[in-house]
file my_file37.txt (compact mmCIF, C-alpha atoms and all ligand atoms)
# COMPACT_ATOMS: atom_id res chain seq x y z
CA MET A 121 35.10 47.50 -43.16
CA GLU A 122 32.58 48.07 -45.94
CA GLU A 123 34.38 46.06 -48.55
CA ALA A 124 33.92 42.34 -48.32
CA TYR A 125 35.05 39.75 -50.77
CA ASP A 126 32.51 37.38 -52.25
CA ARG A 127 34.29 34.21 -53.28
CA GLY A 128 31.52 33.38 -55.70
CA VAL A 129 30.07 30.23 -57.21
CA ILE A 130 33.19 29.00 -58.95
CA GLU A 131 34.81 28.37 -55.59
CA ASP A 132 31.60 26.75 -54.41
CA PHE A 133 31.71 24.18 -57.17
CA GLY A 134 35.28 23.41 -56.24
CA ARG A 135 34.10 22.23 -52.85
CA TRP A 136 32.26 19.14 -54.10
CA ARG A 137 35.27 17.06 -53.12
CA GLU A 138 34.49 17.76 -49.48
CA PHE A 139 30.84 16.69 -49.63
CA SER A 140 29.68 14.20 -47.05
CA ALA A 141 27.22 11.33 -47.55
CA GLY A 142 24.08 13.34 -46.84
CA MET A 143 25.13 15.98 -49.33
CA TRP A 144 25.76 13.39 -52.05
CA ALA A 145 22.36 11.88 -51.37
CA TRP A 146 20.87 15.33 -51.95
CA VAL A 147 22.88 15.89 -55.15
CA PHE A 148 21.94 12.48 -56.58
CA HIS A 149 18.30 12.92 -55.64
CA LYS A 150 18.14 16.26 -57.45
CA PHE A 151 19.96 14.86 -60.45
CA THR A 152 17.85 11.71 -60.77
CA GLY A 153 14.70 13.77 -60.27
CA TRP A 154 15.56 16.02 -63.21
CA VAL A 155 16.52 13.06 -65.38
CA LEU A 156 13.13 11.47 -64.68
CA VAL A 157 11.33 14.71 -65.55
CA GLY A 158 13.34 14.89 -68.78
CA TYR A 159 12.54 11.26 -69.54
CA LEU A 160 8.80 11.89 -69.25
CA PHE A 161 9.06 14.42 -72.05
CA VAL A 162 10.53 11.72 -74.30
CA HIS A 163 8.29 8.97 -73.00
CA ILE A 164 5.02 10.75 -73.83
CA PRO A 165 5.82 11.45 -77.52
CA VAL A 166 6.92 7.86 -78.00
CA LEU A 167 3.69 6.53 -76.49
CA SER A 168 1.71 9.07 -78.50
CA THR A 169 2.66 7.34 -81.73
CA ALA A 170 -0.05 4.85 -80.75
CA LEU A 171 -2.58 7.56 -81.60
CA VAL A 172 -1.51 7.28 -85.23
CA GLY A 173 -2.03 3.56 -85.32
CA ALA A 174 -0.86 0.23 -83.99
CA GLU A 175 1.66 -0.30 -86.80
CA THR A 176 3.29 3.08 -86.30
CA TYR A 177 3.61 2.41 -82.61
CA THR A 178 5.11 -1.04 -83.12
CA ALA A 179 7.49 0.28 -85.74
CA THR A 180 8.62 3.12 -83.45
CA ILE A 181 9.23 0.83 -80.51
CA GLN A 182 11.01 -1.78 -82.60
CA GLY A 183 13.09 0.89 -84.28
CA LEU A 184 14.17 2.31 -80.94
CA GLU A 185 14.84 -1.06 -79.37
CA SER A 186 17.11 -2.07 -82.25
CA LEU A 187 19.52 0.73 -81.34
CA PRO A 188 22.20 -0.41 -78.87
CA ILE A 189 22.41 3.08 -77.39
CA VAL A 190 18.74 2.92 -76.39
CA ARG A 191 19.31 -0.39 -74.60
CA VAL A 192 22.22 1.08 -72.65
CA LEU A 193 20.22 4.18 -71.79
CA GLU A 194 17.43 1.96 -70.50
CA VAL A 195 19.79 0.40 -67.97
CA GLY A 196 20.73 3.94 -66.92
CA LEU A 197 17.08 4.93 -66.67
CA LEU A 198 16.32 1.96 -64.47
CA ALA A 199 19.25 2.84 -62.20
CA VAL A 200 18.09 6.45 -61.97
CA ALA A 201 14.51 5.43 -61.15
CA VAL A 202 15.55 2.83 -58.58
CA PHE A 203 17.85 5.28 -56.82
CA HIS A 204 15.16 7.94 -56.76
CA ILE A 205 12.67 5.49 -55.26
CA MET A 206 15.12 4.17 -52.67
CA ASN A 207 16.36 7.57 -51.60
CA GLY A 208 12.82 8.94 -51.71
CA THR A 209 11.80 6.25 -49.25
CA ARG A 210 14.82 7.14 -47.13
CA LEU A 211 13.69 10.78 -47.16
CA LEU A 212 10.15 9.78 -46.17
CA PHE A 213 11.51 8.07 -43.10
CA ILE A 214 13.71 11.06 -42.37
CA ASP A 215 10.64 13.28 -42.54
CA LEU A 216 8.93 11.01 -40.05
CA GLY A 217 11.94 11.36 -37.77
CA ILE A 218 12.97 7.74 -38.17
CA GLY A 219 16.60 6.72 -38.56
CA LEU A 220 18.17 10.19 -38.74
CA GLU A 221 21.28 8.97 -37.00
CA ARG A 222 21.62 6.21 -39.59
CA GLN A 223 21.12 8.44 -42.62
CA LYS A 224 24.55 7.62 -44.04
CA VAL A 225 23.96 3.88 -43.88
CA SER A 226 20.58 4.21 -45.55
CA PHE A 227 22.13 6.29 -48.33
CA TYR A 228 24.82 3.67 -48.93
CA ALA A 229 22.12 1.00 -48.89
CA SER A 230 20.18 2.93 -51.56
CA LEU A 231 23.30 3.03 -53.70
CA LEU A 232 24.00 -0.65 -53.20
CA ILE A 233 20.46 -1.74 -54.05
CA THR A 234 20.52 0.50 -57.13
CA ALA A 235 23.78 -1.05 -58.26
CA ILE A 236 22.57 -4.62 -57.73
CA ILE A 237 19.32 -4.08 -59.60
CA ALA A 238 20.99 -2.22 -62.45
CA VAL A 239 23.64 -4.90 -62.91
CA ALA A 240 21.05 -7.68 -62.67
CA SER A 241 18.98 -6.00 -65.39
CA VAL A 242 21.80 -5.83 -67.91
CA PRO A 243 21.27 -9.29 -69.51
CA THR A 244 17.56 -8.59 -70.04
CA PHE A 245 18.04 -5.17 -71.58
CA ILE A 246 21.01 -6.04 -73.72
CA SER A 247 19.82 -9.40 -75.08
CA GLY A 248 19.61 -9.62 -78.82
CA VAL A 249 20.96 -6.25 -79.77
CA PHE A 250 24.72 -6.64 -79.68
CA MET B 178 61.11 43.96 -10.90
CA SER B 179 63.10 41.80 -13.25
CA ALA B 180 61.58 39.12 -15.39
CA ASP B 181 63.28 36.55 -13.23
CA ASP B 182 61.48 37.66 -10.11
CA GLU B 183 58.22 37.46 -11.90
CA THR B 184 58.52 33.76 -12.47
CA THR B 185 58.84 32.94 -8.79
CA THR B 186 57.00 35.59 -6.83
CA ASP B 187 53.70 37.28 -7.31
CA ASP B 188 54.62 40.63 -5.72
CA ASP B 189 57.20 41.98 -3.36
CA THR B 190 56.55 39.51 -0.56
CA GLY B 191 59.01 36.96 -1.91
CA VAL B 192 56.49 34.14 -1.48
CA PRO B 193 55.84 32.08 -4.63
CA GLY B 194 52.56 33.33 -6.05
CA PRO B 195 49.74 31.23 -7.40
CA HIS B 196 50.85 31.87 -10.95
CA ALA B 197 54.51 31.04 -10.43
CA ASP B 198 54.21 27.64 -12.07
CA ARG B 199 52.36 28.87 -15.07
CA LEU B 200 54.69 31.81 -15.56
CA ALA B 201 57.70 29.53 -15.40
CA ARG B 202 56.21 27.32 -18.04
CA LYS B 203 55.39 30.28 -20.20
CA GLU B 204 58.96 31.52 -19.86
CA ALA B 205 60.31 28.13 -20.83
CA SER B 206 58.13 27.88 -23.92
CA ASN B 207 58.96 31.43 -24.92
CA GLU B 208 62.65 30.63 -24.90
CA GLY B 209 62.37 28.21 -27.79
CA ARG B 210 60.14 30.50 -29.78
CA GLY B 211 61.55 32.36 -32.68
CA SER B 212 65.15 31.34 -32.17
CA ALA B 213 66.40 29.96 -35.46
CA ALA B 214 68.85 27.53 -33.89
CA SER B 215 66.33 25.51 -31.96
CA ASP B 216 63.68 25.73 -34.69
CA ALA B 217 66.00 24.30 -37.30
CA ASP B 218 65.91 20.77 -35.95
CA ARG B 219 62.32 20.79 -34.82
CA GLU B 220 59.52 19.16 -36.74
CA THR B 221 57.47 21.75 -38.55
CA VAL B 222 53.94 21.69 -39.91
CA ARG B 223 53.09 23.46 -43.13
CA PHE B 224 50.03 25.70 -42.87
CA ARG B 225 48.51 26.97 -46.13
CA ILE B 226 46.59 30.05 -45.10
CA TYR B 227 44.12 32.06 -47.15
CA ARG B 228 45.13 35.71 -47.40
CA TYR B 229 43.11 38.67 -48.55
CA ASN B 230 43.30 42.34 -47.68
CA PRO B 231 41.27 44.89 -49.61
CA ASP B 232 43.39 47.74 -48.24
CA ASP B 233 46.65 46.34 -49.51
CA GLU B 234 47.24 46.34 -53.26
CA ASP B 235 49.53 43.37 -52.91
CA ARG B 236 46.88 41.19 -51.37
CA ALA B 237 43.76 42.64 -52.93
CA SER B 238 43.26 39.43 -54.85
CA PRO B 239 43.17 36.39 -52.61
CA ARG B 240 46.09 33.99 -52.40
CA TYR B 241 47.52 31.34 -50.09
CA ASP B 242 50.58 31.88 -47.90
CA ASP B 243 52.67 29.04 -46.53
CA PHE B 244 53.84 29.05 -42.92
CA HIS B 245 56.10 26.44 -41.37
CA ILE B 246 55.10 26.19 -37.74
CA PRO B 247 57.22 24.27 -35.21
CA PHE B 248 55.22 21.27 -34.04
CA GLU B 249 54.38 20.84 -30.41
CA ARG B 250 52.49 18.06 -28.73
CA GLY B 251 48.87 19.00 -28.10
CA MET B 252 49.03 21.81 -30.62
CA THR B 253 45.73 22.99 -32.06
CA VAL B 254 45.24 24.74 -35.39
CA LEU B 255 44.58 27.93 -33.45
CA ASP B 256 47.96 27.57 -31.71
CA GLY B 257 49.53 27.34 -35.14
CA LEU B 258 47.76 30.45 -36.36
CA ILE B 259 48.76 32.39 -33.28
CA TYR B 260 52.35 31.30 -33.74
CA ALA B 261 52.28 32.36 -37.37
CA ARG B 262 50.92 35.75 -36.45
CA ASP B 263 53.22 36.35 -33.48
CA GLU B 264 56.42 35.10 -35.06
CA PHE B 265 56.11 35.57 -38.79
CA ASP B 266 53.41 37.96 -39.93
CA PRO B 267 51.64 40.30 -37.53
CA SER B 268 49.19 41.25 -40.27
CA LEU B 269 47.66 37.76 -40.34
CA THR B 270 44.10 38.33 -39.19
CA PHE B 271 41.68 35.89 -37.57
CA ARG B 272 39.15 35.89 -34.75
CA HIS B 273 39.62 33.98 -31.55
CA SER B 274 38.95 34.45 -27.91
CA CYS B 275 38.26 31.63 -25.46
CA ARG B 276 40.50 28.91 -26.96
CA GLN B 277 38.22 26.31 -25.46
CA ALA B 278 35.38 25.87 -27.93
CA ILE B 279 32.92 28.05 -26.10
CA CYS B 280 32.97 31.51 -27.69
CA GLY B 281 32.43 30.34 -31.25
CA SER B 282 34.64 32.98 -32.84
CA ASP B 283 37.20 30.82 -34.60
CA ALA B 284 35.10 28.63 -36.86
CA LEU B 285 37.22 28.17 -40.00
CA PHE B 286 37.33 25.98 -43.07
CA ILE B 287 40.16 23.65 -42.15
CA ASN B 288 41.19 20.90 -44.56
CA GLY B 289 37.88 21.10 -46.35
CA ARG B 290 35.56 21.16 -43.39
CA GLN B 291 34.08 23.69 -41.00
CA ARG B 292 35.83 23.29 -37.65
CA LEU B 293 36.74 25.33 -34.59
CA ALA B 294 40.46 26.00 -34.86
CA CYS B 295 40.86 25.78 -31.08
CA LYS B 296 39.15 22.38 -30.95
CA THR B 297 41.12 20.85 -33.81
CA GLN B 298 44.33 18.99 -33.06
CA VAL B 299 47.07 19.32 -35.66
CA THR B 300 47.78 15.60 -35.26
CA ASP B 301 44.25 14.76 -36.41
CA LEU B 302 44.78 16.41 -39.79
CA SER B 303 46.62 15.50 -42.93
CA ARG B 304 49.34 17.91 -43.94
CA PRO B 305 49.76 20.57 -45.21
CA ILE B 306 46.95 22.07 -43.22
CA GLN B 307 44.81 24.32 -45.34
CA VAL B 308 43.03 27.10 -43.47
CA GLU B 309 40.36 29.21 -45.19
CA PRO B 310 37.62 31.55 -44.04
CA LEU B 311 34.15 30.00 -43.71
CA PRO B 312 32.68 29.28 -47.16
CA HIS B 313 29.56 31.13 -48.31
CA LEU B 314 30.31 34.14 -46.16
CA ASP B 315 32.00 37.21 -47.55
CA VAL B 316 35.61 37.71 -46.56
CA LYS B 317 36.59 40.93 -44.84
CA LYS B 318 40.23 40.20 -44.30
CA ASP B 319 42.30 37.00 -44.31
CA LEU B 320 40.28 34.55 -42.22
CA VAL B 321 37.73 37.05 -40.97
CA VAL B 322 34.26 36.81 -42.51
CA GLU B 323 31.23 39.04 -42.46
CA MET B 324 28.92 37.61 -39.75
CA GLU B 325 26.24 40.31 -39.76
CA HIS B 326 23.79 38.36 -41.87
CA PHE B 327 24.17 35.28 -39.69
CA TYR B 328 23.46 37.32 -36.55
CA GLU B 329 20.44 38.90 -38.21
CA GLN B 330 19.01 35.47 -38.91
CA MET B 331 19.66 34.43 -35.32
CA HIS B 332 17.77 37.46 -34.06
CA ALA B 333 15.00 37.01 -36.61
CA VAL B 334 13.60 34.06 -34.65
CA GLU B 335 13.30 36.34 -31.60
CA PRO B 336 15.30 34.17 -29.25
CA TYR B 337 13.89 35.19 -25.89
CA PHE B 338 11.18 34.14 -23.47
CA ASN B 339 7.82 35.71 -23.13
CA PRO B 340 5.64 33.76 -20.73
CA ASP B 341 1.90 34.34 -20.66
CA ASP B 342 1.65 35.51 -17.08
CA GLU B 343 3.62 37.65 -14.67
CA PRO B 344 5.35 35.84 -11.81
CA VAL B 345 3.13 35.87 -8.70
CA THR B 346 5.80 37.36 -6.50
CA ALA B 347 9.20 38.72 -7.34
CA THR B 348 10.82 35.49 -6.20
CA THR B 349 8.51 32.98 -7.90
CA GLU B 350 10.51 30.51 -9.92
CA ARG B 351 9.54 29.25 -13.29
CA ARG B 352 10.31 25.58 -13.06
CA GLN B 353 11.19 23.40 -15.98
CA SER B 354 10.71 19.66 -15.70
CA PRO B 355 13.87 17.54 -16.01
CA ALA B 356 12.26 15.72 -18.93
CA ASN B 357 11.67 18.96 -20.78
CA HIS B 358 15.21 20.07 -20.09
CA GLU B 359 16.46 16.80 -21.45
CA HIS B 360 14.41 17.43 -24.60
CA ILE B 361 15.94 20.83 -25.36
CA LYS B 362 19.36 20.27 -23.79
CA MET B 363 21.31 19.80 -27.00
CA SER B 364 19.71 22.80 -28.67
CA THR B 365 20.90 25.09 -25.87
CA ARG B 366 24.53 24.29 -26.61
CA CYS B 367 24.84 26.52 -29.68
CA ILE B 368 27.79 28.90 -29.55
CA TRP B 369 26.84 30.96 -32.63
CA CYS B 370 29.89 29.89 -34.60
CA ALA B 371 28.10 29.75 -38.00
CA SER B 372 29.78 26.49 -39.05
CA CYS B 373 26.41 24.96 -39.83
CA HIS B 374 25.24 28.02 -41.73
CA SER B 375 28.40 27.96 -43.81
CA SER B 376 28.02 24.27 -44.64
CA CYS B 377 24.42 24.56 -45.88
CA ASN B 378 23.97 24.86 -49.64
CA ILE B 379 20.43 26.12 -49.24
CA ALA B 380 21.45 28.91 -46.90
CA ALA B 381 24.27 29.76 -49.29
CA GLY B 382 21.99 30.20 -52.26
CA ASP B 383 19.18 31.91 -50.43
CA ASP B 384 19.79 34.77 -48.03
CA ASP B 385 16.20 34.66 -46.80
CA TYR B 386 16.44 31.15 -45.42
CA LEU B 387 16.83 31.30 -41.66
CA GLY B 388 19.44 28.56 -41.69
CA PRO B 389 20.11 25.70 -39.29
CA ALA B 390 21.44 27.71 -36.36
CA ALA B 391 18.52 30.13 -36.25
CA ILE B 392 15.99 27.32 -36.58
CA ASN B 393 17.72 25.46 -33.79
CA MET B 394 17.46 28.61 -31.72
CA ALA B 395 13.71 28.75 -32.44
CA TYR B 396 13.48 25.08 -31.47
CA ARG B 397 15.15 25.79 -28.16
CA PHE B 398 12.31 28.17 -27.22
CA ALA B 399 9.41 26.52 -29.03
CA MET B 400 10.04 23.24 -27.24
CA ASP B 401 10.54 24.86 -23.85
CA GLU B 402 7.46 24.25 -21.71
CA ARG B 403 7.85 27.65 -20.05
CA GLU B 404 7.17 29.49 -23.28
CA GLY B 405 3.85 31.34 -23.32
CA ASP B 406 1.12 30.21 -25.73
CA ARG B 407 0.84 33.49 -27.57
CA ARG B 408 4.58 33.68 -28.02
CA GLU B 409 4.65 30.09 -29.17
CA ASP B 410 2.08 30.81 -31.88
CA GLU B 411 4.09 33.78 -33.08
CA ARG B 412 7.23 31.71 -33.10
CA TYR B 413 5.61 28.98 -35.17
CA GLU B 414 4.54 31.61 -37.66
CA ILE B 415 8.23 32.35 -38.21
CA ILE B 416 9.23 28.69 -38.17
CA LYS B 417 6.73 27.59 -40.81
CA SER B 418 6.98 30.72 -42.92
CA GLU B 419 8.44 30.72 -46.37
CA GLN B 420 11.97 31.34 -45.12
CA GLY B 421 11.62 28.79 -42.33
CA VAL B 422 11.91 25.03 -41.92
CA TRP B 423 10.51 24.07 -45.32
CA ARG B 424 13.63 25.31 -47.08
CA CYS B 425 15.62 22.56 -45.41
CA GLN B 426 16.31 19.72 -47.82
CA THR B 427 17.96 17.42 -45.31
CA GLN B 428 21.52 17.58 -46.59
CA PHE B 429 22.72 16.76 -43.07
CA SER B 430 25.81 18.90 -43.59
CA CYS B 431 24.95 21.15 -40.60
CA THR B 432 24.63 18.16 -38.28
CA GLU B 433 27.88 16.84 -39.68
CA VAL B 434 29.95 19.94 -38.89
CA CYS B 435 28.42 21.35 -35.69
CA PRO B 436 31.27 21.45 -33.15
CA LYS B 437 28.75 21.15 -30.33
CA GLU B 438 27.25 18.00 -31.86
CA ILE B 439 23.76 19.45 -31.95
CA PRO B 440 21.46 17.18 -34.01
CA LEU B 441 20.35 20.10 -36.16
CA THR B 442 18.58 18.16 -38.90
CA GLU B 443 16.65 16.23 -36.29
CA HIS B 444 15.49 19.46 -34.69
CA ILE B 445 14.47 20.95 -38.02
CA GLN B 446 12.54 17.79 -38.90
CA GLU B 447 10.77 17.85 -35.56
CA LEU B 448 9.70 21.44 -36.16
CA LYS B 449 8.45 20.50 -39.63
CA ARG B 450 6.24 17.82 -38.12
CA GLU B 451 5.02 20.20 -35.42
CA SER B 452 4.24 22.82 -38.05
CA VAL B 453 2.18 20.35 -40.04
CA LYS B 454 0.31 19.24 -36.92
CA ARG B 455 -0.55 22.82 -36.12
CA ASN B 456 -2.06 23.29 -39.55
CA LEU B 457 -4.14 20.12 -39.45
CA LYS B 458 -7.71 20.76 -38.49
CA PHE B 459 -10.37 18.09 -37.96
CA TRP B 460 -13.83 19.51 -38.01
S1 LIG C 501 24.35 25.05 -34.25
FE1 LIG C 501 26.44 24.27 -33.98
S2 LIG C 501 27.50 24.80 -35.92
FE2 LIG C 501 25.62 26.02 -35.83
S3 LIG C 501 26.22 27.99 -34.93
FE3 LIG C 501 25.50 26.69 -33.25
S4 LIG C 501 27.34 25.65 -32.46
FE4 LIG C 501 27.86 26.51 -34.46
S1 LIG C 502 38.52 30.51 -29.61
FE1 LIG C 502 36.53 30.41 -28.69
S2 LIG C 502 35.61 28.78 -29.81
FE2 LIG C 502 37.67 28.70 -30.51

call {"tool": "encode", "arguments": {"input": "my_file37.txt", "output": "structure tokens"}}
result
Amino acid sequence: MEEAYDRGVIEDFGRWREFSAGMWAWVFHKFTGWVLVGYLFVHIPVLSTALVGAETYTATIQGLESLPIVRVLEVGLLAVAVFHIMNGTRLLFIDLGIGLERQKVSFYASLLITAIIAVASVPTFISGVF
Amino acid sequence: MSADDETTTDDDTGVPGPHADRLARKEASNEGRGSAASDADRETVRFRIYRYNPDDEDRASPRYDDFHIPFERGMTVLDGLIYARDEFDPSLTFRHSCRQAICGSDALFINGRQRLACKTQVTDLSRPIQVEPLPHLDVKKDLVVEMEHFYEQMHAVEPYFNPDDEPVTATTERRQSPANHEHIKMSTRCIWCASCHSSCNIAAGDDDYLGPAAINMAYRFAMDEREGDRREDERYEIIKSEQGVWRCQTQFSCTEVCPKEIPLTEHIQELKRESVKRNLKFW
């Protein structure tokens, strides 16, 4: 039969519910990677205000840090970075052929460590703004 | 010869044949089949089956059909499909052959996962049981998918031996050490079912990628000590090429679904390391 039906990407997206641990690890790693790349593009302009002068830099940083939304985003950024580091380490071991049969456990461990660190950081990041 | 005779004797000798038992059982199970009276009080299982037929206007856009299949102990999903086809809708199309997880023709997407229908017990699944053709492959009809591309990838790794030398005499054996056999044992179990290929997001988005099954096939030969050196070099060229192992992003989905429990990701990772080693030069 020449005709064949391509079910297309829409159906593909619908299958996320069936993803297993390794697939989620991959999705999160991609996502956090792109967030970090995006963050760098914001990070560099902010740091660049130091080129104008010390006062401008201080004013920029203080201005940003006085916004509650920035504080909340910082917690998110930390979580994203920690997960990317933890899962990146997991992937390094996987590349070395170590612990492939425990890849689910190591993914869950990455998530757990990320959660603990993110939660623990909340008091520091939030203090004085709300 | 009447049907009755058939259940007790094999031919005209009147002696019970070797198949008498089996035929009797078949007869007994056929009796219940299809008769509304006995089906009415039997437990049924709802199958939601993907339907598509480009030649039929009615079914030219895909939909799901419900079938209520009488439950039997030990029933597999394939048994259910066969029942649905034989008793309710002869146009229901799917591939199957061996019914014992060895031919690899009935890999389907059952309750959200690639499985062999003949190896999947109905009792292990939540109901209704949803049966779809393998994701990421084009559908030809109902549960039948286009496998050509998958087979092409399998052949692309040139899955055959080519030792360096000719055997000394016609009867010379090429021995493999038990340790080497142990090393490649799992990789030889592939039944070309394409479950792994269908589960891989990279293979889905990139037709050039060899995919887990083909790479596993390359592994089976590359790791075999009987493979000739020249052939091995050629094979590694394919393995480490752009469409080879480096496309794998360790999603582990292939390893997860393989009905033969082949550690596919592990094999791919091993080939990655071997490929790197082959490119390292110290001079
Ligand atoms: S490796 Fe496993 S899932 Fe893939 S085709 Fe072979 S048997 Fe099927
Ligand atoms: S029918 Fe052969 S593998 Fe299922």

call {"tool": "residues_near_ligand", "arguments": {"input": "my_file37.txt", "ligand": "ligand LIG 502 (chain C)", "cutoff": "7 Å", "atoms": "only C-alpha atoms and all ligand atoms", "output": "PDB file with C-alpha atoms, in the coordinates of the input"}}
result
ATOM      1  CA  HIS B 273      39.620  33.980 -31.550  1.00  0.00           C
ATOM      2  CA  SER B 274      38.950  34.450 -27.910  1.00  0.00           C
ATOM      3  CA  CYS B 275      38.260  31.630 -25.460  1.00  0.00           C
ATOM      4  CA  ARG B 276      40.500  28.910 -26.960  1.00  0.00           C
ATOM      5  CA  GLN B 277      38.220  26.310 -25.460  1.00  0.00           C
ATOM      6  CA  ALA B 278      35.380  25.870 -27.930  1.00  0.00           C
ATOM      7  CA  ILE B 279      32.920  28.050 -26.100  1.00  0.00           C
ATOM      8  CA  CYS B 280      32.970  31.510 -27.690  1.00  0.00           C
ATOM      9  CA  GLY B 281      32.430  30.340 -31.250  1.00  0.00           C
ATOM     10  CA  SER B 282      34.640  32.980 -32.840  1.00  0.00           C
ATOM     11  CA  ASP B 283      37.200  30.820 -34.600  1.00  0.00           C
ATOM     12  CA  ALA B 284      35.100  28.630 -36.860  1.00  0.00           C
ATOM     13  CA  LEU B 293      36.740  25.330 -34.590  1.00  0.00           C
ATOM     14  CA  ALA B 294      40.460  26.000 -34.860  1.00  0.00           C
ATOM     15  CA  CYS B 295      40.860  25.780 -31.080  1.00  0.00           C
ATOM     16  CA  LYS B 296      39.150  22.380 -30.950  1.00  0.00           C
TER      17      LYS B 296
END

call {"tool": "residues_near_ligand", "arguments": {"input": "my_file37.txt", "ligand": "ligand LIG 501 (chain C)", "cutoff": "9 Å", "atoms": "only C-alpha atoms and all ligand atoms", "output": "ChimeraX atom specification"}}
result
/B:279,281,284,291-293,327,364-376,388-394,431-441

call {"tool": "closest_residue", "arguments": {"input": "my_file37.txt", "among": "A:Ile236, A:Leu220, A:Leu198, A:Ile189", "to": "chain B", "atoms": "all atoms listed in the file"}}
result
A:Leu220

call {"tool": "closest_atom_pairs", "arguments": {"input": "my_file37.txt", "of": "chain A", "to": "chain B", "cutoff": "6 Å", "atoms": "only C-alpha atoms", "output": "JSON lines"}}
result
{"residue": "A:Ala124", "atom": "CA", "partner": "B:Lys317", "partner_atom": "CA", "distance": 4.6}
{"residue": "A:Tyr125", "atom": "CA", "partner": "B:Val316", "partner_atom": "CA", "distance": 4.7}
{"residue": "A:Asp126", "atom": "CA", "partner": "B:Asp315", "partner_atom": "CA", "distance": 4.7}
{"residue": "A:Glu138", "atom": "CA", "partner": "B:Gly289", "partner_atom": "CA", "distance": 5.7}
{"residue": "A:Gly142", "atom": "CA", "partner": "B:Gln428", "partner_atom": "CA", "distance": 5.0}
{"residue": "A:Met143", "atom": "CA", "partner": "B:Gln428", "partner_atom": "CA", "distance": 4.8}
{"residue": "A:Trp146", "atom": "CA", "partner": "B:Gln428", "partner_atom": "CA", "distance": 5.8}

call {"tool": "atom_distance", "arguments": {"input": "my_file37.txt", "atom1": "CA of Leu211 in chain A", "atom2": "CA of Arg412 in chain B"}}
result
26.0 Å

call {"tool": "atom_distance", "arguments": {"input": "my_file37.txt", "atom1": "CA of Ser452 in chain B", "atom2": "CA of Asp341 in chain B"}}
result
21.0 Å

call {"tool": "residues_around", "arguments": {"input": "my_file37.txt", "residues": "Val195 in chain A", "least_positions_apart": "4", "cutoff": "9 Å", "atoms": "only C-alpha atoms", "output": "PDB file with C-alpha atoms, in the frame of the given file"}}
result
ATOM      1  CA  VAL A 190      18.740   2.920 -76.390  1.00  0.00           C
ATOM      2  CA  ARG A 191      19.310  -0.390 -74.600  1.00  0.00           C
ATOM      3  CA  ALA A 199      19.250   2.840 -62.200  1.00  0.00           C
ATOM      4  CA  VAL A 200      18.090   6.450 -61.970  1.00  0.00           C
ATOM      5  CA  ALA A 238      20.990  -2.220 -62.450  1.00  0.00           C
ATOM      6  CA  VAL A 239      23.640  -4.900 -62.910  1.00  0.00           C
ATOM      7  CA  SER A 241      18.980  -6.000 -65.390  1.00  0.00           C
ATOM      8  CA  VAL A 242      21.800  -5.830 -67.910  1.00  0.00           C
ATOM      9  CA  PHE A 245      18.040  -5.170 -71.580  1.00  0.00           C
ATOM     10  CA  ILE A 246      21.010  -6.040 -73.720  1.00  0.00           C
TER      11      ILE A 246
END

call {"tool": "atom_distance", "arguments": {"input": "my_file37.txt", "atom1": "CA of Thr300 in chain B", "atom2": "CA of Lys224 in chain A"}}
result
26.1 Å

call {"tool": "residues_around", "arguments": {"input": "my_file37.txt", "residues": "Ala395 in chain B", "least_positions_apart": "6", "cutoff": "12 Å", "atoms": "only C-alpha atoms", "output": "ChimeraX atom specification"}}
result
/B:330-338,361,364-365,367,387-389,401,404,408-417,421-422,441,444-445,447-448

call {"tool": "closest_residue", "arguments": {"input": "my_file37.txt", "among": "B:Arg225, B:Arg407, B:Arg240, B:Arg351", "to": "Arg127 in chain A", "atoms": "only C-alpha atoms"}}
result
B:Arg240

call {"tool": "decode", "arguments": {"input": "my_file37.txt", "residues": "range 219-224 of chain A", "atoms": "N, CA, C and O atoms", "output": "PDB file, in the first residue's frame"}}
result
ATOM      1  N   GLY A 219      26.718   2.590  36.489  1.00  0.00           N
ATOM      2  CA  GLY A 219      25.390   2.761  37.073  1.00  0.00           C
ATOM      3  C   GLY A 219      24.249   2.868  36.076  1.00  0.00           C
ATOM      4  O   GLY A 219      23.234   3.500  36.348  1.00  0.00           O
ATOM      5  N   LEU A 220      24.381   2.234  34.898  1.00  0.00           N
ATOM      6  CA  LEU A 220      23.296   2.323  33.922  1.00  0.00           C
ATOM      7  C   LEU A 220      22.036   1.627  34.417  1.00  0.00           C
ATOM      8  O   LEU A 220      20.930   2.052  34.104  1.00  0.00           O
ATOM      9  N   GLU A 221      22.235   0.591  35.203  1.00  0.00           N
ATOM     10  CA  GLU A 221      21.031  -0.137  35.660  1.00  0.00           C
ATOM     11  C   GLU A 221      20.354   0.607  36.807  1.00  0.00           C
ATOM     12  O   GLU A 221      19.230   0.293  37.160  1.00  0.00           O
ATOM     13  N   ARG A 222      21.057   1.623  37.349  1.00  0.00           N
ATOM     14  CA  ARG A 222      20.431   2.400  38.421  1.00  0.00           C
ATOM     15  C   ARG A 222      20.103   3.814  37.950  1.00  0.00           C
ATOM     16  O   ARG A 222      20.014   4.736  38.748  1.00  0.00           O
ATOM     17  N   GLN A 223      19.910   3.977  36.655  1.00  0.00           N
ATOM     18  CA  GLN A 223      19.706   5.329  36.126  1.00  0.00           C
ATOM     19  C   GLN A 223      18.436   5.991  36.652  1.00  0.00           C
ATOM     20  O   GLN A 223      18.390   7.201  36.794  1.00  0.00           O
ATOM     21  N   LYS A 224      17.421   5.202  36.970  1.00  0.00           N
ATOM     22  CA  LYS A 224      16.194   5.806  37.507  1.00  0.00           C
ATOM     23  C   LYS A 224      16.452   6.368  38.885  1.00  0.00           C
ATOM     24  O   LYS A 224      16.071   7.499  39.207  1.00  0.00           O
TER      25      LYS A 224
END
